[in-house]
Amino acid sequence: MTDEDQTIIFTPRGDDGLPERLGSYNDFADAEDPSADFVPGLVSLAFLRAAIGRSKRFWCVTAAVGFLAGLGLYVSSPHSYQASTSILLTLGPYENVQMAAADNQAMAESRTVAGLAVRQLGLKQSPSGFAATYTVTAPTDRVLNITISALSGNEAMRRANAVATSFLRFRSDELRTSQRLVLQSLNQQISQIRQDIDSLTARISRLSAKPASSARDAQLTSLRAQRNQAGTTLANLSQTVVGDRSNIEPGTVAAIKGSVILDAPTVLPHSRLKPLVLYSVVGLVAGLLVGLGLVVVRAIVSDRLRQRDDVAYALGAPVKLSVGTIRRKVLRRAGLASAEDTNIRRIVRHLDQAVSARFRSISALAVVPVDDLRVPASCLVSLAVSMAGQGKKVVLADLCGGAPAARLLGVSEQGIHLVSAQDAQLTVAVPERHDVAMAGPFGRGSPQLERSSFTDAVAAAAASADVLLTLVTLDPAVGGEHLSTWATDSVAFVTAGRSSATKINAAGEMIRLSGTRLVSAVLVGADANDESLGTLDIMRAARDLGLAEQGSRSGANGLVVAVDEARDKHRPATADPRNL
């Protein structure tokens with residue numbers, strides 16, 4: 001077997017001192033999987049900004065969901081009303097002026113006062129829970145403000161009045177209790193002193209009855225001094241008791257009667273718009289942040305490729321054309337109608353250049369979708385109708401599941417069909433649904449590929465045709481050996497952000513292993529801020545093929561053509577379908 005009879009497999013590798021993104025010409029059995037060591041482009045602010053821009057529909061939806069959730073929470077949650085009342089206090093005789101404001105505020109907020117209010121209202125609520133519904137402030141030592149919340153304005157006023165009256169009742173009881181305890185303590189001291197005086201008087205009487213002596217006289221003198229001191233203390237305490245009853249008791253009564261509700265409970269102004277706006281804005285912001293967070297995290301951890309360089313490296317072929325997102329309504333059109341879209345026209349022009357005749361009898365091109373079928377199907381149909389309109393005889397073979405290209409031309413059944421579209425006629429070939437890896441009209445292929453009646457029918461149609469266009473998907477479980485029996489050249493379609501490096505690389509390897517030349521890749525949905533070129537190291541490939549000098553004379557474009565021609569010399573001739 002000569003070198004001309006060998007099929008060259010162009011596989012991107014990183015060994016033998018070649019760059020990682022270079023497709024070497026080593027034997028394919030030793031080829032490495034570049035996706036194993038593949039590292040996509042670095043994550044940058046521009047990358048994240050592009051991811052956010054692409055996913056604007058998603059985070060807009062999450063923001064709308066958050067907004068609706070906030071509205072729903074506002075509607076479902078109880079809306080409270082607030083009522084306020086003020087209490088005027090008269091300080092009692094036993095209250096410290098400096099600490100009176102803090103003491104009264106603490107008493108009003110205590111569980112004891114809350115419990116009295118709960119019992120007065122007849123509520124089935126704990127004092128602690130009820131105390132949490134109101135607040136007490138003391139702007140001065142004589143004024144207390146009570147503000148309480150409830151489900152209605154009337155209930156809020158009723159509860160505010162209950163808290164105020166409960167506090168006044170509790171405070172009056174405390175004032176009376178303080179006065180009673182003070183008087184009780186004084187009376188106990190008076191009683192004790194009187195008992196001491198009586199005891200001292202009895203001892204003095206007993207000593208006076210004894211014979212006179214210096215010791216007796218000294219003891220009598222001491223006992224009489226103690227009795228006189230006790231009498232003085234008793235007189236002072238008696239005077240204090242009389243003073244308390246004449247002065248402090250009226251002061252306590254005045255403090256109790258002078259402490260009243262200053263302002264009757266009133267409902268505070270209640271705005272429905274403010275909480276509505278607050279709930280909705282908080283929900284909107286929360287939903288927006290959640291959506292943006294999910295978009296950023298998904299962009300960072302995703303293994304789906306978007307940049308041209310990444311796709312070219314994984315596929316092992318240059319991305320010679322990249323277009324933006326194609327709208328769904330454009331893909332629903334058939335034939336030349338879809339070509340009205342600028343991106344579709346660019347792709348069709350690119351495919352038209354790739355399908356230029358390399359044999360004198362027929363030109364053949366295979367379009368291999370890596371992920372989405374709609375864009376390549378629409379573009380291939382537009383190309384086929386355009387060529388048929390130019391007077392060329394076109395055969396369109398749709399080997400994809402569901403026959404998306406054939407359906408755009410109104411063909412839904414299997415077999416060979418003559419179709420009229422846009423004043424042009426072309427032949428559409430659709431295999432049986434159970435046919436997998438169907439052999440085509442070129443050559444015999446490997447022994448595992450069996451020819452069928454469909455193959456013969458396509459060969460008969462292609463024998464009188466000028467162009468054979470094939471839409472085919474490749475499955476790693478089946479392989480792509482049948483691809484070389486349909487076309488000599490192929491163009492792969494990749495949708496940005498849809499496929500991983502492993503999947504893209506598998507498609508490129510299957511195309512090369514089949515012996516079909518992978519002309520280029522078309523990247524659909526490319527980012528506008530993608531600054532990569534999506535090309536391989538063509539200069540290194542030229543040096544490997546001995547074309548560096550020619551490249552210096554003809555420039556970059558001429559060098560690409562020279563490399564392609566050099567590769568074609570190593571490719572076996574394909575049989576003419578007219579001779580099958």
# chains A, B, ... in the order shown; residues from 1 in each chain; ligands from 1

call {"tool": "select_by_dssp", "arguments": {"residues": "region 313-423 of chain A", "states": "strand (DSSP E or B)", "output": "PyMOL selection string"}}
result
chain A and resi 319-323+363-369+394-398+415-421

call {"tool": "residues_around", "arguments": {"residues": "Ala477 (chain A)", "least_positions_apart": "3", "cutoff": "12 Å", "atoms": "only C-alpha atoms", "output": "number ranges by chain"}}
result
A: 436-437, 473-474, 480-481, 506-507, 510

call {"tool": "write_last_selection", "arguments": {"atoms": "C-alpha atoms", "output": "PDB file, in the first residue's frame"}}
result
ATOM      1  CA  VAL A 436     -29.237   3.078  11.409  1.00  0.00           C
ATOM      2  CA  ALA A 437     -25.937   4.168   9.834  1.00  0.00           C
ATOM      3  CA  THR A 473     -26.216  13.073  13.010  1.00  0.00           C
ATOM      4  CA  LEU A 474     -23.507  10.822  14.434  1.00  0.00           C
ATOM      5  CA  GLY A 480     -19.637   7.406  11.713  1.00  0.00           C
ATOM      6  CA  GLU A 481     -18.118   5.006   9.170  1.00  0.00           C
ATOM      7  CA  ALA A 506     -16.478  12.935  19.830  1.00  0.00           C
ATOM      8  CA  ALA A 507     -18.297  14.366  16.805  1.00  0.00           C
ATOM      9  CA  MET A 510     -16.094  10.292  14.289  1.00  0.00           C
TER      10      MET A 510
END

call {"tool": "residues_around", "arguments": {"residues": "Arg308 (chain A)", "least_positions_apart": "3", "cutoff": "7 Å", "atoms": "only C-alpha atoms", "output": "list in words"}}
result
Val311, Ala312, Val319, Ser532, Leu533 and Gly534 of chain A

call {"tool": "residues_around", "arguments": {"residues": "Arg298 (chain A)", "least_positions_apart": "4", "cutoff": "12 Å", "atoms": "only C-alpha atoms", "output": "tab-separated table (two decimals) with N, CA and C atoms, in the first residue's frame"}}
result
chain	number	residue	atom	x	y	z
A	43	VAL	N	-12.71	32.53	33.23
A	43	VAL	CA	-13.92	33.26	33.59
A	43	VAL	C	-13.53	34.69	33.92
A	48	LEU	N	-18.93	36.79	32.49
A	48	LEU	CA	-20.10	36.77	33.36
A	48	LEU	C	-21.15	37.77	32.89
A	51	ALA	N	-22.90	36.16	30.11
A	51	ALA	CA	-23.82	35.12	30.61
A	51	ALA	C	-25.09	35.74	31.17
A	52	ILE	N	-24.95	36.85	31.88
A	52	ILE	CA	-26.13	37.53	32.42
A	52	ILE	C	-26.99	38.08	31.29
A	55	SER	N	-28.97	35.34	29.65
A	55	SER	CA	-30.01	34.75	30.50
A	55	SER	C	-30.96	35.80	31.05
A	291	GLY	N	-31.98	34.99	40.87
A	291	GLY	CA	-31.80	34.68	39.46
A	291	GLY	C	-30.39	34.99	38.98
A	292	LEU	N	-29.86	36.17	39.33
A	292	LEU	CA	-28.50	36.52	38.93
A	292	LEU	C	-27.48	35.58	39.55
A	293	GLY	N	-27.71	35.20	40.81
A	293	GLY	CA	-26.79	34.26	41.45
A	293	GLY	C	-26.76	32.92	40.76
A	294	LEU	N	-27.94	32.42	40.39
A	294	LEU	CA	-27.99	31.13	39.69
A	294	LEU	C	-27.32	31.23	38.32
A	302	SER	N	-20.41	25.50	34.52
A	302	SER	CA	-20.84	24.80	33.31
A	302	SER	C	-19.65	24.32	32.49
A	303	ASP	N	-19.78	23.14	31.88
A	303	ASP	CA	-18.75	22.61	30.99
A	303	ASP	C	-19.13	22.78	29.52
A	304	ARG	N	-20.19	23.54	29.25
A	304	ARG	CA	-20.62	23.77	27.87
A	304	ARG	C	-19.75	24.87	27.25
A	497	GLY	N	-22.93	27.02	23.97
A	497	GLY	CA	-23.51	26.74	25.28
A	497	GLY	C	-24.40	25.53	25.34

call {"tool": "closest_residue", "arguments": {"among": "A:Leu234, A:Val395, A:Leu483, A:Val260", "to": "Ala463 (chain A)", "atoms": "only C-alpha atoms"}}
result
A:Val395

call {"tool": "residues_around", "arguments": {"residues": "Val494 (chain A)", "least_positions_apart": "4", "cutoff": "7 Å", "atoms": "only C-alpha atoms", "output": "list in words"}}
result
Pro369, Val370, Asp371, Val522, Leu523 and Val524 of chain A

call {"tool": "decode", "arguments": {"residues": "region 143-248 of chain A", "atoms": "C-alpha atoms", "output": "PDB file, in the first residue's frame"}}
result
ATOM      1  CA  VAL A 143     -45.876  60.905  80.799  1.00  0.00           C
ATOM      2  CA  LEU A 144     -46.053  57.393  79.364  1.00  0.00           C
ATOM      3  CA  ASN A 145     -46.923  56.638  75.729  1.00  0.00           C
ATOM      4  CA  ILE A 146     -48.338  53.204  74.882  1.00  0.00           C
ATOM      5  CA  THR A 147     -48.539  52.002  71.244  1.00  0.00           C
ATOM      6  CA  ILE A 148     -50.131  48.646  70.489  1.00  0.00           C
ATOM      7  CA  SER A 149     -50.855  46.633  67.298  1.00  0.00           C
ATOM      8  CA  ALA A 150     -53.966  44.615  66.429  1.00  0.00           C
ATOM      9  CA  LEU A 151     -55.810  43.250  63.412  1.00  0.00           C
ATOM     10  CA  SER A 152     -58.334  46.089  63.420  1.00  0.00           C
ATOM     11  CA  GLY A 153     -58.435  49.677  64.549  1.00  0.00           C
ATOM     12  CA  ASN A 154     -61.152  49.122  67.170  1.00  0.00           C
ATOM     13  CA  GLU A 155     -59.318  46.155  68.625  1.00  0.00           C
ATOM     14  CA  ALA A 156     -56.116  48.163  68.808  1.00  0.00           C
ATOM     15  CA  MET A 157     -57.882  50.951  70.731  1.00  0.00           C
ATOM     16  CA  ARG A 158     -59.533  48.419  73.060  1.00  0.00           C
ATOM     17  CA  ARG A 159     -56.192  46.822  73.833  1.00  0.00           C
ATOM     18  CA  ALA A 160     -54.462  50.156  74.360  1.00  0.00           C
ATOM     19  CA  ASN A 161     -57.128  51.164  76.879  1.00  0.00           C
ATOM     20  CA  ALA A 162     -56.802  47.788  78.645  1.00  0.00           C
ATOM     21  CA  VAL A 163     -53.018  48.158  78.961  1.00  0.00           C
ATOM     22  CA  ALA A 164     -53.343  51.710  80.285  1.00  0.00           C
ATOM     23  CA  THR A 165     -56.007  50.865  82.879  1.00  0.00           C
ATOM     24  CA  SER A 166     -54.138  47.709  83.939  1.00  0.00           C
ATOM     25  CA  PHE A 167     -50.969  49.708  84.467  1.00  0.00           C
ATOM     26  CA  LEU A 168     -52.762  52.387  86.522  1.00  0.00           C
ATOM     27  CA  ARG A 169     -54.419  49.740  88.662  1.00  0.00           C
ATOM     28  CA  PHE A 170     -51.135  47.914  89.211  1.00  0.00           C
ATOM     29  CA  ARG A 171     -49.344  51.187  90.058  1.00  0.00           C
ATOM     30  CA  SER A 172     -52.032  52.295  92.559  1.00  0.00           C
ATOM     31  CA  ASP A 173     -51.811  48.923  94.277  1.00  0.00           C
ATOM     32  CA  GLU A 174     -48.043  49.287  94.469  1.00  0.00           C
ATOM     33  CA  LEU A 175     -48.319  52.790  95.981  1.00  0.00           C
ATOM     34  CA  ARG A 176     -50.812  51.638  98.639  1.00  0.00           C
ATOM     35  CA  THR A 177     -48.731  48.588  99.392  1.00  0.00           C
ATOM     36  CA  SER A 178     -45.628  50.729  99.849  1.00  0.00           C
ATOM     37  CA  GLN A 179     -47.407  53.044 102.279  1.00  0.00           C
ATOM     38  CA  ARG A 180     -48.880  50.129 104.224  1.00  0.00           C
ATOM     39  CA  LEU A 181     -45.529  48.425 104.534  1.00  0.00           C
ATOM     40  CA  VAL A 182     -43.868  51.632 105.762  1.00  0.00           C
ATOM     41  CA  LEU A 183     -46.542  52.208 108.435  1.00  0.00           C
ATOM     42  CA  GLN A 184     -46.480  48.554 109.403  1.00  0.00           C
ATOM     43  CA  SER A 185     -42.708  48.705 109.826  1.00  0.00           C
ATOM     44  CA  LEU A 186     -42.978  51.844 111.995  1.00  0.00           C
ATOM     45  CA  ASN A 187     -45.696  50.303 114.178  1.00  0.00           C
ATOM     46  CA  GLN A 188     -43.601  47.191 114.669  1.00  0.00           C
ATOM     47  CA  GLN A 189     -40.657  49.334 115.761  1.00  0.00           C
ATOM     48  CA  ILE A 190     -42.888  51.288 118.209  1.00  0.00           C
ATOM     49  CA  SER A 191     -44.232  48.071 119.690  1.00  0.00           C
ATOM     50  CA  GLN A 192     -40.748  46.663 120.094  1.00  0.00           C
ATOM     51  CA  ILE A 193     -39.502  49.835 121.790  1.00  0.00           C
ATOM     52  CA  ARG A 194     -42.441  49.826 124.204  1.00  0.00           C
ATOM     53  CA  GLN A 195     -41.637  46.269 125.141  1.00  0.00           C
ATOM     54  CA  ASP A 196     -38.025  47.285 125.727  1.00  0.00           C
ATOM     55  CA  ILE A 197     -39.157  50.182 127.951  1.00  0.00           C
ATOM     56  CA  ASP A 198     -41.410  47.913 129.972  1.00  0.00           C
ATOM     57  CA  SER A 199     -38.567  45.428 130.434  1.00  0.00           C
ATOM     58  CA  LEU A 200     -36.167  48.146 131.524  1.00  0.00           C
ATOM     59  CA  THR A 201     -38.769  49.554 133.997  1.00  0.00           C
ATOM     60  CA  ALA A 202     -39.241  46.089 135.559  1.00  0.00           C
ATOM     61  CA  ARG A 203     -35.494  45.607 135.974  1.00  0.00           C
ATOM     62  CA  ILE A 204     -35.166  49.034 137.562  1.00  0.00           C
ATOM     63  CA  SER A 205     -37.919  48.178 140.063  1.00  0.00           C
ATOM     64  CA  ARG A 206     -36.246  44.930 141.044  1.00  0.00           C
ATOM     65  CA  LEU A 207     -32.857  46.585 141.569  1.00  0.00           C
ATOM     66  CA  SER A 208     -34.397  49.431 143.613  1.00  0.00           C
ATOM     67  CA  ALA A 209     -35.780  46.864 146.105  1.00  0.00           C
ATOM     68  CA  LYS A 210     -32.278  45.532 146.846  1.00  0.00           C
ATOM     69  CA  PRO A 211     -29.907  46.972 149.521  1.00  0.00           C
ATOM     70  CA  ALA A 212     -28.023  50.024 148.474  1.00  0.00           C
ATOM     71  CA  SER A 213     -24.548  49.508 147.125  1.00  0.00           C
ATOM     72  CA  SER A 214     -22.227  51.154 144.662  1.00  0.00           C
ATOM     73  CA  ALA A 215     -22.719  48.344 142.122  1.00  0.00           C
ATOM     74  CA  ARG A 216     -26.500  48.570 142.370  1.00  0.00           C
ATOM     75  CA  ASP A 217     -26.411  52.333 141.957  1.00  0.00           C
ATOM     76  CA  ALA A 218     -24.199  52.075 138.868  1.00  0.00           C
ATOM     77  CA  GLN A 219     -26.480  49.465 137.291  1.00  0.00           C
ATOM     78  CA  LEU A 220     -29.590  51.522 138.062  1.00  0.00           C
ATOM     79  CA  THR A 221     -27.976  54.547 136.418  1.00  0.00           C
ATOM     80  CA  SER A 222     -27.273  52.554 133.236  1.00  0.00           C
ATOM     81  CA  LEU A 223     -30.781  51.074 133.051  1.00  0.00           C
ATOM     82  CA  ARG A 224     -32.428  54.497 133.581  1.00  0.00           C
ATOM     83  CA  ALA A 225     -30.243  55.939 130.742  1.00  0.00           C
ATOM     84  CA  GLN A 226     -31.340  53.123 128.404  1.00  0.00           C
ATOM     85  CA  ARG A 227     -34.984  53.673 129.307  1.00  0.00           C
ATOM     86  CA  ASN A 228     -34.691  57.405 128.647  1.00  0.00           C
ATOM     87  CA  GLN A 229     -33.077  56.721 125.224  1.00  0.00           C
ATOM     88  CA  ALA A 230     -35.830  54.265 124.323  1.00  0.00           C
ATOM     89  CA  GLY A 231     -38.434  56.780 125.373  1.00  0.00           C
ATOM     90  CA  THR A 232     -36.889  59.410 123.104  1.00  0.00           C
ATOM     91  CA  THR A 233     -36.863  56.976 120.172  1.00  0.00           C
ATOM     92  CA  LEU A 234     -40.462  56.016 120.872  1.00  0.00           C
ATOM     93  CA  ALA A 235     -41.508  59.632 120.846  1.00  0.00           C
ATOM     94  CA  ASN A 236     -39.750  60.230 117.519  1.00  0.00           C
ATOM     95  CA  LEU A 237     -41.316  57.153 115.887  1.00  0.00           C
ATOM     96  CA  SER A 238     -44.745  58.100 117.171  1.00  0.00           C
ATOM     97  CA  GLN A 239     -44.290  61.536 115.691  1.00  0.00           C
ATOM     98  CA  THR A 240     -43.186  59.989 112.369  1.00  0.00           C
ATOM     99  CA  VAL A 241     -46.260  57.791 112.257  1.00  0.00           C
ATOM    100  CA  VAL A 242     -48.482  60.754 112.939  1.00  0.00           C
ATOM    101  CA  GLY A 243     -46.677  62.725 110.225  1.00  0.00           C
ATOM    102  CA  ASP A 244     -47.029  59.870 107.705  1.00  0.00           C
ATOM    103  CA  ARG A 245     -50.685  59.560 108.343  1.00  0.00           C
ATOM    104  CA  SER A 246     -51.231  63.285 108.043  1.00  0.00           C
ATOM    105  CA  ASN A 247     -48.888  63.996 105.064  1.00  0.00           C
ATOM    106  CA  ILE A 248     -47.721  60.858 103.182  1.00  0.00           C
TER     107      ILE A 248
END
